[in-house]
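What follows is the content of query12.csv, which has CSV, C-alpha atoms:
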chain,number,residue,atom,x,y,z
A,1,MET,CA,-1.3,9.3,-8.8
A,2,GLU,CA,-2.9,12.6,-8.1
A,3,HIS,CA,-6.3,11.0,-7.7
A,4,ILE,CA,-5.2,8.9,-4.7
A,5,ARG,CA,-6.9,10.0,-1.5
A,6,GLY,CA,-4.4,11.4,0.9
A,7,ILE,CA,-1.6,11.9,-1.7
A,8,GLY,CA,-0.9,15.3,-0.2
A,9,LYS,CA,0.4,13.7,2.9
A,10,LEU,CA,3.1,12.0,0.8
A,11,LYS,CA,3.8,15.0,-1.4
A,12,LYS,CA,4.5,17.3,1.6
A,13,PHE,CA,7.8,15.5,2.0
A,14,SER,CA,8.8,15.5,-1.7
A,15,GLU,CA,7.0,16.0,-5.0
A,16,SER,CA,9.0,13.1,-6.5
A,17,LEU,CA,8.3,10.6,-3.7
A,18,THR,CA,6.4,7.6,-4.9
A,19,LEU,CA,4.9,4.5,-3.2
A,20,CYS,CA,7.7,2.3,-4.6
A,21,ARG,CA,10.2,4.1,-2.3
A,22,PHE,CA,8.5,2.5,0.7
A,23,SER,CA,10.1,-1.0,0.7
A,24,THR,CA,10.0,-2.4,4.2
A,25,LEU,CA,6.7,-3.8,5.3
A,26,ARG,CA,6.4,-3.0,9.1
A,27,LEU,CA,2.7,-3.9,9.7
A,28,PHE,CA,0.0,-5.8,7.9
A,29,THR,CA,-3.5,-6.5,9.2
A,30,LEU,CA,-6.3,-8.1,7.3
A,31,ASP,CA,-9.7,-7.8,9.0
A,32,HIS,CA,-13.3,-8.1,8.1
A,33,GLN,CA,-16.8,-7.1,9.0
A,34,GLY,CA,-19.1,-9.9,7.7
A,35,ARG,CA,-18.2,-10.4,4.1
A,36,TYR,CA,-16.4,-7.0,3.8
A,37,ALA,CA,-12.6,-7.2,4.2
A,38,PHE,CA,-10.1,-4.4,4.7
A,39,ILE,CA,-6.3,-4.2,5.0
A,40,HIS,CA,-4.2,-1.7,7.0
A,41,CYS,CA,-0.4,-1.7,6.3
A,42,ARG,CA,2.5,0.4,7.3
A,43,LEU,CA,5.5,0.7,5.0
A,44,LYS,CA,8.8,2.3,5.7
A,45,THR,CA,11.5,3.9,3.5
A,46,GLU,CA,15.0,2.7,3.7
A,47,ARG,CA,16.9,5.1,1.4
A,48,PHE,CA,15.2,8.4,1.9
A,49,ASP,CA,16.2,11.3,4.1
A,50,PRO,CA,14.5,11.6,6.4
A,51,PRO,CA,13.2,8.0,6.8
A,52,LEU,CA,9.5,7.9,6.6
A,53,ALA,CA,6.6,5.5,7.5
A,54,MET,CA,3.3,5.5,5.5
A,55,ASP,CA,0.0,4.0,6.7
A,56,LEU,CA,-2.3,2.7,4.0
A,57,ARG,CA,-5.9,1.5,4.2
A,58,PHE,CA,-7.6,-0.7,1.6
A,59,ASP,CA,-11.4,-1.3,1.8
A,60,GLY,CA,-13.4,-4.0,0.0
A,61,VAL,CA,-10.4,-6.3,-0.3
A,62,SER,CA,-10.4,-9.5,-2.3
A,63,SER,CA,-8.0,-12.2,-3.6
A,64,VAL,CA,-5.2,-11.6,-1.1
A,65,GLN,CA,-2.0,-13.4,-1.9
A,66,ILE,CA,1.1,-13.3,0.4
A,67,LYS,CA,4.2,-15.3,-0.1
A,68,GLY,CA,7.4,-15.3,2.0
A,69,VAL,CA,6.6,-12.3,4.2
A,70,GLY,CA,7.3,-12.2,7.9
A,71,GLY,CA,9.2,-14.7,10.0
A,72,GLY,CA,10.4,-12.3,12.7
A,73,ILE,CA,12.5,-10.1,10.4
A,74,LEU,CA,11.6,-7.0,8.4
A,75,SER,CA,10.0,-7.9,5.1
A,76,GLN,CA,11.4,-6.2,2.1
A,77,ILE,CA,8.9,-5.4,-0.7
A,78,THR,CA,10.8,-4.3,-3.7
A,79,GLY,CA,8.6,-2.6,-6.3
A,80,PHE,CA,5.4,-2.0,-4.3
A,81,ALA,CA,2.7,-0.3,-6.3
A,82,VAL,CA,-1.0,0.5,-6.1
A,83,VAL,CA,-2.5,0.5,-9.5
A,84,ASP,CA,-5.7,2.1,-10.5
A,85,ILE,CA,-7.6,-0.6,-12.5
A,86,SER,CA,-11.0,1.0,-12.4
A,87,ALA,CA,-11.1,1.3,-16.2
A,88,LYS,CA,-11.3,-2.5,-16.4
A,89,GLY,CA,-14.9,-2.2,-15.1
A,90,TRP,CA,-14.7,-5.1,-12.6
A,91,GLU,CA,-17.5,-4.8,-10.1
A,92,GLY,CA,-16.3,-3.6,-6.7
A,93,ILE,CA,-12.6,-3.6,-7.7
A,94,ASN,CA,-10.8,-0.3,-8.5
A,95,TRP,CA,-7.2,-0.9,-7.1
A,96,GLU,CA,-4.6,-3.6,-7.3
A,97,ALA,CA,-1.7,-3.6,-4.7
A,98,ILE,CA,1.3,-5.6,-6.0
A,99,ASP,CA,5.0,-6.3,-5.4
A,100,TYR,CA,5.8,-6.1,-9.1
A,101,GLU,CA,9.4,-7.1,-8.7
A,102,GLU,CA,9.2,-10.3,-6.7
A,103,GLY,CA,5.4,-11.1,-6.7
A,104,ARG,CA,5.3,-11.6,-2.9
A,105,ILE,CA,2.1,-9.7,-2.3
A,106,ARG,CA,-1.0,-9.0,-4.3
A,107,TRP,CA,-4.6,-8.0,-3.6
A,108,TYR,CA,-7.5,-6.1,-5.1
A,109,ALA,CA,-9.5,-3.4,-3.3
A,110,GLU,CA,-12.6,-1.3,-3.9
A,111,ASP,CA,-11.1,1.7,-2.2
A,112,PHE,CA,-7.6,2.8,-1.1
A,113,GLN,CA,-6.2,5.8,0.7
A,114,ILE,CA,-3.0,7.1,2.4
A,115,LEU,CA,-3.9,7.6,6.0
A,116,ASP,CA,-0.6,9.2,7.2
A,117,VAL,CA,3.0,9.7,6.4
A,118,VAL,CA,5.4,10.5,9.3
A,119,ARG,CA,9.1,10.8,9.9
A,120,VAL,CA,10.6,7.8,11.8
Please express the file's structure as structure tokens.
Amino acid sequence: MEHIRGIGKLKKFSESLTLCRFSTLRLFTLDHQGRYAFIHCRLKTERFDPPLAMDLRFDGVSSVQIKGVGGGILSQITGFAVVDISAKGWEGINWEAIDYEEGRIRWYAEDFQILDVVRV
């Protein structure tokens, strides 16, 4: 996890804090410039003191799958993870974002970074 760009923004709150502690999806935007897609999402902790929000950015996004998220209520994502899959050697794909508990979200990305982590 140390090779994630922006990981220091998360670690300044706790060395043991991981992405899977952020379980409420507060914002999700998928946009594109031509054929190049990117995702910005904000996740919030529910059981961490102090409560935190984290902004993530994924560039070069492909194969987006979203099931049962939204509907006017907060969307719980149990088991959110961003996995480094660069060793697979897939062209233009280095990261996989997944909800490994319920399979509600999944996408691949060329690049990923933590933009910000703030108290809420």
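CA of Ser14 in chain A is positioned 23.3 Å from CA of Phe58 in chain A.
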**Request:** Compare A:Ile7, A:Ala87, A:Val61, A:Leu27 by their minimum atom-to-atom distance to Gln113 in chain A, counting all atoms listed in the file, and give me the closest one.
**Result:** A:Ile7
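Across A:Tyr36, A:Phe48, A:Phe80, A:Phe22, the tightest approach to Glu96 in chain A is made by A:Phe80 when counting all atoms listed in the file.
For the pair CA of Val118 in chain A and CA of Leu25 in chain A, the separation is 14.9 Å.
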**Request:** Please return, as number ranges by chain, all polymer residues that have at least one atom within 10 Å of the point (4.3, -3.7, 7.7); use all atoms listed in the file and the file's own coordinate frame.
**Result:** A: 23-29, 40-44, 53-56, 69-70, 74-77
**Message:** Env of Arg104 in chain A: 8 Å cut, atoms = all atoms listed in the file, seq-sep filter 6 positions within chain, self excluded. Answer as a VMD selection string.
**Reply:** chain A and resid 65 to 69 77 98
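Across A:Trp107, A:Thr78, A:Tyr100, A:Lys88, the tightest approach to Glu46 in chain A is made by A:Thr78 when counting all atoms listed in the file.
In this comparison, which uses only C-alpha atoms, the residue of A:Arg5, A:His32, A:Val120, A:Leu10 approaching Pro50 in chain A most closely is A:Val120.
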**Prompt:** Which residue gives the smallest distance to Asp111 in chain A among A:Ser86, A:Gly6, A:Gly60, A:Asp49, with all atoms listed in the file counted?
**Reply:** A:Gly60
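Across the model, the gap from CA of Phe112 in chain A to CA of Gly89 in chain A is 16.6 Å.
Comparing the minimum interatomic distances between Ile39 in chain A and each of A:Glu15, A:Glu110, A:Glu91, A:Glu101, counting all atoms listed in the file, we find that A:Glu110 sits nearest.
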Can you put all heavy atoms back into range 38-49 of chain A and show it as a short mmCIF file (atom, residue, chain, number, x, y, z; two decimals), keeping the file's coordinate frame?
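Generated file (result.cif):
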data_model
loop_
_atom_site.label_atom_id
_atom_site.label_comp_id
_atom_site.auth_asym_id
_atom_site.auth_seq_id
_atom_site.Cartn_x
_atom_site.Cartn_y
_atom_site.Cartn_z
N PHE A 38 -10.91 -5.59 4.90
CA PHE A 38 -10.10 -4.40 4.70
C PHE A 38 -8.65 -4.74 5.23
O PHE A 38 -8.45 -5.62 6.06
CB PHE A 38 -10.64 -3.18 5.38
CG PHE A 38 -11.07 -3.36 6.80
CD1 PHE A 38 -10.22 -3.06 7.84
CD2 PHE A 38 -12.35 -3.81 7.10
CE1 PHE A 38 -10.62 -3.22 9.16
CE2 PHE A 38 -12.76 -3.96 8.41
CZ PHE A 38 -11.89 -3.66 9.44
N ILE A 39 -7.67 -4.03 4.67
CA ILE A 39 -6.30 -4.20 5.00
C ILE A 39 -5.73 -2.85 5.49
O ILE A 39 -6.00 -1.81 4.88
CB ILE A 39 -5.44 -4.68 3.82
CG1 ILE A 39 -5.74 -6.14 3.53
CG2 ILE A 39 -3.93 -4.48 4.04
CD1 ILE A 39 -5.07 -6.68 2.28
N HIS A 40 -4.96 -2.89 6.57
CA HIS A 40 -4.20 -1.70 7.00
C HIS A 40 -2.72 -2.18 6.95
O HIS A 40 -2.38 -3.25 7.44
CB HIS A 40 -4.56 -1.32 8.43
CG HIS A 40 -3.68 -0.26 8.99
ND1 HIS A 40 -2.87 -0.48 10.06
CD2 HIS A 40 -3.46 1.03 8.60
CE1 HIS A 40 -2.19 0.62 10.33
NE2 HIS A 40 -2.53 1.55 9.46
N CYS A 41 -1.87 -1.40 6.32
CA CYS A 41 -0.40 -1.70 6.30
C CYS A 41 0.39 -0.49 6.52
O CYS A 41 -0.03 0.62 6.21
CB CYS A 41 -0.04 -2.49 5.05
SG CYS A 41 -0.26 -1.61 3.51
N ARG A 42 1.57 -0.71 7.09
CA ARG A 42 2.50 0.40 7.30
C ARG A 42 3.82 -0.03 6.55
O ARG A 42 4.35 -1.12 6.75
CB ARG A 42 2.85 0.57 8.76
CG ARG A 42 3.90 1.65 9.00
CD ARG A 42 4.05 1.99 10.47
NE ARG A 42 2.77 2.51 10.95
CZ ARG A 42 2.22 2.10 12.10
NH1 ARG A 42 2.80 1.22 12.86
NH2 ARG A 42 1.06 2.62 12.46
N LEU A 43 4.28 0.86 5.71
CA LEU A 43 5.50 0.70 5.00
C LEU A 43 6.50 1.73 5.36
O LEU A 43 6.12 2.85 5.71
CB LEU A 43 5.22 0.75 3.46
CG LEU A 43 4.28 -0.30 2.90
CD1 LEU A 43 3.70 0.15 1.57
CD2 LEU A 43 5.01 -1.61 2.74
N LYS A 44 7.79 1.39 5.30
CA LYS A 44 8.80 2.30 5.70
C LYS A 44 9.85 2.48 4.57
O LYS A 44 10.11 1.53 3.84
CB LYS A 44 9.54 1.78 6.95
CG LYS A 44 10.58 2.67 7.53
CD LYS A 44 11.14 2.04 8.81
CE LYS A 44 12.32 2.81 9.31
NZ LYS A 44 13.57 2.44 8.66
N THR A 45 10.38 3.70 4.44
CA THR A 45 11.50 3.90 3.50
C THR A 45 12.77 3.48 4.08
O THR A 45 12.95 3.52 5.29
CB THR A 45 11.58 5.42 3.09
OG1 THR A 45 11.85 6.16 4.28
CG2 THR A 45 10.34 5.94 2.42
N GLU A 46 13.69 3.05 3.26
CA GLU A 46 15.00 2.70 3.70
C GLU A 46 16.07 3.66 3.21
O GLU A 46 17.04 3.94 3.88
CB GLU A 46 15.37 1.26 3.26
CG GLU A 46 14.55 0.19 3.95
CD GLU A 46 14.69 0.21 5.47
OE1 GLU A 46 15.81 0.42 5.98
OE2 GLU A 46 13.66 0.03 6.15
N ARG A 47 15.89 4.18 2.01
CA ARG A 47 16.90 5.10 1.40
C ARG A 47 16.27 6.42 1.05
O ARG A 47 16.29 6.84 -0.09
CB ARG A 47 17.46 4.40 0.16
CG ARG A 47 18.21 3.15 0.49
CD ARG A 47 18.88 2.57 -0.73
NE ARG A 47 19.50 1.32 -0.37
CZ ARG A 47 19.09 0.15 -0.80
NH1 ARG A 47 18.07 0.07 -1.63
NH2 ARG A 47 19.70 -0.96 -0.43
N PHE A 48 15.75 7.07 2.05
CA PHE A 48 15.20 8.40 1.90
C PHE A 48 15.52 9.19 3.10
O PHE A 48 15.48 8.67 4.21
CB PHE A 48 13.66 8.32 1.65
CG PHE A 48 13.05 9.63 1.25
CD1 PHE A 48 13.11 10.07 -0.06
CD2 PHE A 48 12.42 10.43 2.19
CE1 PHE A 48 12.56 11.28 -0.44
CE2 PHE A 48 11.86 11.64 1.83
CZ PHE A 48 11.93 12.07 0.51
N ASP A 49 15.89 10.45 2.93
CA ASP A 49 16.20 11.30 4.10
C ASP A 49 15.26 12.43 4.17
O ASP A 49 15.20 13.25 3.25
CB ASP A 49 17.67 11.80 3.90
CG ASP A 49 18.18 12.50 5.14
OD1 ASP A 49 17.70 12.16 6.25
OD2 ASP A 49 19.04 13.38 5.01
#
